>>> print(open('upload-v7.cif').read())   # mmCIF, C-alpha atoms and all ligand atoms
data_start
#
loop_
_atom_site.group_PDB
_atom_site.id
_atom_site.type_symbol
_atom_site.label_atom_id
_atom_site.label_comp_id
_atom_site.auth_asym_id
_atom_site.auth_seq_id
_atom_site.Cartn_x
_atom_site.Cartn_y
_atom_site.Cartn_z
ATOM 1 C CA MET A 24 0.000 0.000 0.000
ATOM 2 C CA TRP A 25 2.691 2.508 1.018
ATOM 3 C CA VAL A 26 4.772 1.736 -2.032
ATOM 4 C CA THR A 27 1.903 2.538 -4.365
ATOM 5 C CA ALA A 28 1.268 5.818 -2.609
ATOM 6 C CA TYR A 29 4.850 7.013 -2.947
ATOM 7 C CA MET A 30 5.284 5.851 -6.553
ATOM 8 C CA ARG A 31 1.972 7.137 -7.869
ATOM 9 C CA HIS A 32 3.614 10.039 -9.675
ATOM 10 C CA LEU A 33 5.783 7.768 -11.841
ATOM 11 C CA PHE A 34 4.978 7.040 -15.484
ATOM 12 C CA TRP A 35 3.427 3.603 -16.075
ATOM 13 C CA VAL A 36 2.880 3.052 -19.799
ATOM 14 C CA GLY A 37 -0.572 1.652 -20.605
ATOM 15 C CA MET A 38 -0.956 -0.213 -17.311
ATOM 16 C CA LYS A 39 -4.203 -0.306 -15.394
ATOM 17 C CA THR A 40 -4.122 0.745 -11.771
ATOM 18 C CA THR A 41 -4.436 -2.832 -10.510
ATOM 19 C CA GLN A 42 -1.670 -4.103 -12.820
ATOM 20 C CA ARG A 43 0.535 -1.218 -11.793
ATOM 21 C CA SER A 44 -0.007 -1.898 -8.116
ATOM 22 C CA GLU A 45 0.729 -5.614 -8.567
ATOM 23 C CA SER A 46 3.913 -4.838 -10.500
ATOM 24 C CA ILE A 47 5.186 -2.444 -7.849
ATOM 25 C CA HIS A 48 4.483 -4.863 -5.014
ATOM 26 C CA SER A 49 5.974 -7.751 -6.919
ATOM 27 C CA PHE A 50 9.147 -5.738 -7.494
ATOM 28 C CA PHE A 51 9.445 -4.799 -3.840
ATOM 29 C CA ASP A 52 8.607 -8.288 -2.581
ATOM 30 C CA ASN A 53 11.322 -9.761 -4.778
ATOM 31 C CA TYR A 54 14.089 -7.253 -4.349
ATOM 32 C CA VAL A 55 13.526 -5.385 -1.115
ATOM 33 C CA ASN A 56 13.389 -7.166 2.217
ATOM 34 C CA LYS A 57 11.192 -6.141 5.131
ATOM 35 C CA THR A 58 13.974 -4.322 6.983
ATOM 36 C CA THR A 59 14.809 -2.246 3.928
ATOM 37 C CA GLN A 60 11.121 -1.468 3.429
ATOM 38 C CA ARG A 61 10.931 -0.200 7.008
ATOM 39 C CA SER A 62 14.020 1.973 6.440
ATOM 40 C CA ILE A 63 12.555 3.445 3.271
ATOM 41 C CA CYS A 64 9.299 4.171 5.106
ATOM 42 C CA LYS A 65 11.209 5.941 7.851
ATOM 43 C CA LEU A 66 13.148 7.965 5.303
ATOM 44 C CA LEU A 67 10.010 8.995 3.472
ATOM 45 C CA GLU A 68 8.297 9.911 6.707
ATOM 46 C CA TYR A 69 11.086 12.368 7.550
ATOM 47 C CA THR A 70 9.837 15.192 5.417
ATOM 48 C CA ARG A 71 11.128 17.973 7.602
ATOM 49 C CA THR A 72 8.101 18.063 9.860
ATOM 50 C CA LEU A 73 7.596 21.315 11.739
ATOM 51 C CA LEU A 74 7.805 21.021 15.521
ATOM 52 C CA THR A 75 6.227 24.318 16.454
ATOM 53 C CA ALA A 76 3.743 26.937 15.304
ATOM 54 C CA PHE A 77 6.475 29.566 14.855
ATOM 55 C CA PRO A 78 6.027 30.769 11.264
ATOM 56 C CA PHE A 79 9.771 31.294 10.808
ATOM 57 C CA GLU A 80 10.504 27.623 11.514
ATOM 58 C CA ALA A 81 9.205 26.981 7.980
ATOM 59 C CA GLN A 82 11.450 29.784 6.721
ATOM 60 C CA PHE A 83 14.476 27.781 7.876
ATOM 61 C CA ARG A 84 13.021 24.440 6.764
ATOM 62 C CA ASP A 85 12.752 25.689 3.204
ATOM 63 C CA VAL A 86 16.369 26.782 2.834
ATOM 64 C CA TYR A 87 18.620 25.078 5.406
ATOM 65 C CA THR A 88 20.391 21.733 5.192
ATOM 66 C CA ASP A 89 18.933 18.961 7.376
ATOM 67 C CA PRO A 90 21.525 19.206 10.216
ATOM 68 C CA LYS A 91 21.223 22.981 10.466
ATOM 69 C CA PHE A 92 17.441 22.897 10.305
ATOM 70 C CA LYS A 93 17.514 20.431 13.201
ATOM 71 C CA GLU A 94 19.653 22.882 15.195
ATOM 72 C CA VAL A 95 17.078 25.603 14.544
ATOM 73 C CA GLN A 96 14.336 23.217 15.662
ATOM 74 C CA LEU A 97 16.244 22.465 18.858
ATOM 75 C CA GLN A 98 16.285 26.185 19.659
ATOM 76 C CA CYS A 99 12.573 26.423 18.795
ATOM 77 C CA SER A 100 11.825 23.629 21.259
ATOM 78 C CA ARG A 101 13.808 25.391 24.009
ATOM 79 C CA VAL A 102 11.519 28.431 23.845
ATOM 80 C CA LEU A 103 9.355 26.420 26.236
ATOM 81 C CA TYR A 104 11.823 27.245 29.025
ATOM 82 C CA VAL A 105 11.928 31.010 28.373
ATOM 83 C CA THR A 106 9.972 33.382 30.592
ATOM 84 C CA PRO A 107 9.765 37.136 29.850
ATOM 85 C CA LEU A 108 10.550 39.185 32.974
ATOM 86 C CA GLU A 109 10.814 42.859 32.025
ATOM 87 C CA LYS A 110 10.505 45.175 29.073
ATOM 88 C CA ARG A 111 12.383 48.477 28.722
ATOM 89 C CA VAL A 112 11.973 51.065 25.972
ATOM 90 C CA VAL A 113 15.442 52.076 24.792
ATOM 91 C CA CYS A 114 14.403 54.612 22.135
ATOM 92 C CA ASP A 115 11.596 55.185 19.624
ATOM 93 C CA ASN A 116 11.659 51.814 17.937
ATOM 94 C CA VAL A 117 13.951 49.768 20.110
ATOM 95 C CA VAL A 118 12.931 47.788 23.154
ATOM 96 C CA GLU A 119 14.859 45.492 25.460
ATOM 97 C CA HIS A 120 13.418 42.345 26.957
ATOM 98 C CA LEU A 121 14.831 40.666 30.003
ATOM 99 C CA LEU A 122 14.189 36.945 29.713
ATOM 100 C CA GLU A 123 14.841 34.043 32.005
ATOM 101 C CA ASP A 124 15.462 30.408 31.191
ATOM 102 C CA ILE A 125 16.695 27.497 33.291
ATOM 103 C CA ARG A 126 20.266 28.878 33.376
ATOM 104 C CA ARG A 127 20.124 32.647 33.948
ATOM 105 C CA THR A 128 18.641 35.880 32.624
ATOM 106 C CA TYR A 129 19.320 37.195 29.142
ATOM 107 C CA CYS A 130 18.776 40.547 27.489
ATOM 108 C CA VAL A 131 17.350 40.772 23.968
ATOM 109 C CA TRP A 132 17.025 44.076 22.112
ATOM 110 C CA PHE A 133 14.458 44.304 19.350
ATOM 111 C CA ASP A 134 13.704 46.961 16.739
ATOM 112 C CA THR A 135 9.941 46.987 16.288
ATOM 113 C CA VAL A 136 10.205 48.602 12.828
ATOM 114 C CA SER A 137 13.118 46.845 11.106
ATOM 115 C CA HIS A 138 12.699 43.653 13.184
ATOM 116 C CA ASP A 139 16.437 43.590 13.761
ATOM 117 C CA SER A 140 17.483 42.123 17.104
ATOM 118 C CA GLY A 141 20.326 40.780 19.189
ATOM 119 C CA CYS A 142 20.847 38.731 22.344
ATOM 120 C CA ASP A 143 23.613 39.142 24.914
ATOM 121 C CA PHE A 144 24.018 35.349 24.940
ATOM 122 C CA LYS A 145 25.702 35.739 21.482
ATOM 123 C CA HIS A 146 24.665 32.257 20.397
ATOM 124 C CA PHE A 147 24.035 33.422 16.842
ATOM 125 C CA GLU A 148 27.385 35.210 16.654
ATOM 126 C CA CYS A 149 29.199 32.072 17.899
ATOM 127 C CA TYR A 150 27.285 29.260 16.166
ATOM 128 C CA GLY A 151 25.301 30.928 13.370
ATOM 129 C CA ILE A 152 21.975 29.686 14.756
ATOM 130 C CA MET A 153 19.347 31.928 16.367
ATOM 131 C CA CYS A 154 18.999 31.292 20.094
ATOM 132 C CA HIS A 155 15.703 30.467 21.774
ATOM 133 C CA HIS A 156 15.644 33.908 23.429
ATOM 134 C CA LEU A 157 15.529 35.657 20.051
ATOM 135 C CA ILE A 158 12.929 33.183 18.823
ATOM 136 C CA LYS A 159 10.787 33.923 21.881
ATOM 137 C CA VAL A 160 10.891 37.665 21.197
ATOM 138 C CA TYR A 161 10.014 37.233 17.503
ATOM 139 C CA TYR A 162 7.103 35.076 18.538
ATOM 140 C CA MET A 163 5.964 37.645 21.119
ATOM 141 C CA TYR A 164 5.837 40.303 18.383
ATOM 142 C CA LYS A 165 4.147 37.900 15.967
ATOM 143 C CA VAL A 166 6.907 38.331 13.392
ATOM 144 C CA GLU A 167 6.387 35.902 10.523
ATOM 145 C CA HIS A 168 9.809 36.156 8.884
ATOM 146 C CA VAL A 169 13.082 36.810 10.640
ATOM 147 C CA PRO A 170 15.532 39.264 8.994
ATOM 148 C CA SER A 171 17.778 37.845 6.296
ATOM 149 C CA LYS A 172 20.874 38.327 8.475
ATOM 150 C CA PHE A 173 19.779 35.214 10.410
ATOM 151 C CA ILE A 174 19.680 33.058 7.263
ATOM 152 C CA LEU A 175 23.341 32.288 6.669
ATOM 153 C CA GLN A 176 24.542 31.431 3.196
ATOM 154 C CA ARG A 177 26.803 28.680 4.495
ATOM 155 C CA TRP A 178 23.905 26.685 5.988
ATOM 156 C CA ARG A 179 21.749 26.843 2.850
ATOM 157 C CA LYS A 180 21.085 23.633 0.977
ATOM 158 C CA ASP A 181 20.941 25.349 -2.423
ATOM 159 C CA ILE A 182 24.444 26.809 -2.528
ATOM 160 C CA GLN A 183 27.279 25.367 -4.534
ATOM 161 C CA ARG A 184 29.926 24.032 -2.167
ATOM 162 C CA LYS A 185 33.596 23.954 -2.911
ATOM 163 C CA HIS A 186 35.506 20.788 -2.141
ATOM 164 C CA ILE A 187 39.158 20.485 -1.466
ATOM 165 C CA VAL A 188 41.020 17.528 -2.946
ATOM 166 C CA VAL A 189 44.491 16.741 -1.651
ATOM 167 C CA LYS A 190 46.572 14.832 -4.144
ATOM 168 C CA VAL A 191 49.246 13.062 -2.116
ATOM 169 C CA ALA A 192 52.575 12.156 -3.657
ATOM 170 C CA TYR A 193 53.625 9.171 -1.575
ATOM 171 C CA HIS A 194 57.252 9.093 -2.655
ATOM 172 C CA ASP A 195 57.902 12.825 -2.599
ATOM 173 C CA LEU A 196 55.714 14.763 -0.149
ATOM 174 C CA SER A 197 56.972 18.055 -1.530
ATOM 175 C CA LYS A 198 54.922 17.297 -4.643
ATOM 176 C CA THR A 199 51.655 16.981 -2.700
ATOM 177 C CA ALA A 200 49.113 19.258 -4.347
ATOM 178 C CA ARG A 201 46.041 20.874 -2.900
ATOM 179 C CA LEU A 202 43.336 21.259 -5.523
ATOM 180 C CA SER A 203 40.165 23.230 -5.072
ATOM 181 C CA LEU A 204 37.286 21.821 -7.059
ATOM 182 C CA ASN A 205 33.726 22.867 -7.387
ATOM 183 C CA ALA A 206 31.772 19.644 -7.521
ATOM 184 C CA PHE A 207 28.710 21.278 -9.060
ATOM 185 C CA ALA A 208 30.489 23.436 -11.642
HETATM 186 ZN ZN ZN B 1 20.026 34.327 23.481
#
>>> encode(input="upload-v7.cif", output="C-alpha cells")
Amino acid sequence: MWVTAYMRHLFWVGMKTTQRSESIHSFFDNYVNKTTQRSICKLLEYTRTLLTAFPFEAQFRDVYTDPKFKEVQLQCSRVLYVTPLEKRVVCDNVVEHLLEDIRRTYCVWFDTVSHDSGCDFKHFECYGIMCHHLIKVYYMYKVEHVPSKFILQRWRKDIQRKHIVVKVAYHDLSKTARLSLNAFA
C-alpha cells in the first residue's frame, strides 16, 4: 500500500491501476526485504516536519540543510523554558526584553520597525543559529519572517559548495598538491 502511494507520480505506460499496483508490489517483494522497506518508510516519513507553530521555523526548513534545520528546531523547542521578565523602551523603535530560562537571565534588544534584534548570549554570533531567546521575542511580536541576516549562506542547501582535494605524492611529499574543485560546476 505505502509503495503505491509514494510511486503514484511515476509514469506507467498503458498499465491499469491494478496491474501497476501488482507490479510495484511484486518488485518490492522480490528485491527489497522487510527491513529495507521499514528503512525506506522511515526515510520517506522524515519530510522535515515542523515542531512548532512559529512561522519562521518553515522559513528555515525551506532553505537550510537537514543538520542545520535540526539545530534551529532544537532552539525552537527550548523556547518552552523562556519566561519574559521585564521590558524596557530604549528609544523610539527599540525595546529590550529581560528573559529568564533554566540557566540565567538574558537581554534581547528588538527593533519593532526593522525587526532587527540581538541577544547578549551571542549564540548566533558564535554558532550561526538563532537562540531560543531571540525566537521567543520574535514570537511575542508575531513576526512571521526573521531578517535575512539570520539566514546564513553557508547553511543553505541550495548553494554550490567547494571541495578540497588533496593529491598526495607518496614518494615525494613536496609534490603533494592541494586542488580546489567545485563539484557542481
Ligand atoms: Zn540568546
>>> resolve_selection(input="upload-v7.cif", expression="the PyMOL selection byres (((not hetatm)) within 6 of (chain B and resi 1))", output="ChimeraX atom specification")
/A:142,144,146,154,156-157
>>> write_last_selection(input="upload-v7.cif", atoms="C-alpha atoms", output="tab-separated table (two decimals), in the frame of the given file")
chain	number	residue	atom	x	y	z
A	142	CYS	CA	20.85	38.73	22.34
A	144	PHE	CA	24.02	35.35	24.94
A	146	HIS	CA	24.66	32.26	20.40
A	154	CYS	CA	19.00	31.29	20.09
A	156	HIS	CA	15.64	33.91	23.43
A	157	LEU	CA	15.53	35.66	20.05
>>> resolve_selection(input="upload-v7.cif", expression="the PyMOL selection byres (((chain A and resi 135) around 8) and not hetatm)", output="count of residues only")
9
>>> resolve_selection(input="upload-v7.cif", expression="the PyMOL selection byres (((chain A and resi 83) around 12) and not hetatm)", output="number ranges by chain")
A: 71-73, 77-82, 84-96, 99, 152-153, 167-171, 173-176, 178-180
>>> closest_residue(input="upload-v7.cif", among="A:Glu119, A:Lys159, A:Leu74, A:Arg127", to="Leu103 in chain A", atoms="all atoms listed in the file")
A:Lys159
>>> atom_distance(input="upload-v7.cif", atom1="CA of Ile158 in chain A", atom2="CA of Ala76 in chain A")
11.7 Å
>>> residues_around(input="upload-v7.cif", residues="Arg126 in chain A", least_positions_apart="2", cutoff="10 Å", atoms="all atoms listed in the file", output="mmCIF file with C-alpha atoms, in the coordinates of the input")
data_model
loop_
_atom_site.group_PDB
_atom_site.id
_atom_site.type_symbol
_atom_site.label_atom_id
_atom_site.label_comp_id
_atom_site.auth_asym_id
_atom_site.auth_seq_id
_atom_site.Cartn_x
_atom_site.Cartn_y
_atom_site.Cartn_z
ATOM 1 C CA TYR A 104 11.823 27.245 29.025
ATOM 2 C CA VAL A 105 11.928 31.010 28.373
ATOM 3 C CA GLU A 123 14.841 34.043 32.005
ATOM 4 C CA ASP A 124 15.462 30.408 31.191
ATOM 5 C CA THR A 128 18.641 35.880 32.624
ATOM 6 C CA TYR A 129 19.320 37.195 29.142
#
>>> closest_residue(input="upload-v7.cif", among="A:Val102, A:Leu121, A:Lys172, A:Val112", to="Ser140 in chain A", atoms="only C-alpha atoms")
A:Lys172
>>> atom_distance(input="upload-v7.cif", atom1="CA of Ser100 in chain A", atom2="CA of Thr75 in chain A")
7.4 Å
>>> atom_distance(input="upload-v7.cif", atom1="CA of Cys149 in chain A", atom2="CA of Tyr162 in chain A")
22.3 Å
>>> closest_residue(input="upload-v7.cif", among="A:Gly141, A:Leu97, A:Pro107, A:Thr70", to="Met163 in chain A", atoms="only C-alpha atoms")
A:Pro107
